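Here's the structure we're looking at; comments come further down.
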Amino acid sequence: MQGVIGALIGVPATILVAGGLGIIGLSIYLRLIGSRKGKQPIHWGHMALGAFMFAAGVGLLWVEVITVGAT
C-alpha cells in the first residue's frame with residue numbers, strides 16, 4: 001500500500017519538477033540567446049510558472065518522503 005501511495009504522489013511530483021525545470025531552462029535560453037526575428041520571446045510569466053511548478057513538485061516530494069518514507 002505504501003508503494004501505491006508513494007507512486008500516486010511521486011509521479012506527479014517528478015513531472016512537476018521536470019516540467020518546471022524545462023520551462024525555466026527554455027526561458028533563460030531564449031532570454032540569453034534571443035528569439036528569432038519577428039517572434040516574441042517567452043515572457044517572465046513563463047519563468048514564474050516554471051518556478052511555481054518546480055516548487056510544487058519539490059513540495060510534493062517532501063510530502064512523499066514524510067508520509068511514505070524514503071525507500
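Scheme for the C-alpha cells: letters A, B, ... for chains in order shown; per-chain residue numbers from 1; ligand numbers from 1 in order shown.
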
At a cut-off of 8 Å, using only C-alpha atoms, what residues contact segment 9-19 of chain A? Leave out same-chain residues fewer than 3 positions from it and give the result as a count of residues only. 15

Which of chain A end up as helix (DSSP H, G or I) when DSSP is run on this backbone - answer as a PyMOL selection string? chain A and resi 2-33+44-67

Restricting the calculation to only C-alpha atoms, which member of A:Val4, A:Phe52, A:Ile33, A:Ile66 is positioned closest to Gly20 of chain A?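 Using only C-alpha atoms, Gly20 of chain A sits closest to A:Phe52.
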
Give me, please, the distance in Å between atom CA of Leu21 of chain A and atom CA of Leu8 of chain A, quoted to one decimal.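 Taking atom CA of Leu21 of chain A and atom CA of Leu8 of chain A, their separation equals 20.9 Å.
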
Go through A:Val63, A:Met47, A:Met1, A:Ala7 and flag the residue nearest Leu26 of chain A, using only C-alpha atoms for the distances. A:Met47

Correct to one decimal, the distance atom CA of Val68 of chain A-atom CA of Gly3 of chain A is 8.0 Å

Pick from A:Gln2, A:Trp62, A:Thr67, A:His43, whichever lies nearest to Ile24 of chain A using only C-alpha atoms: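 The closest residue to Ile24 of chain A is A:His43.
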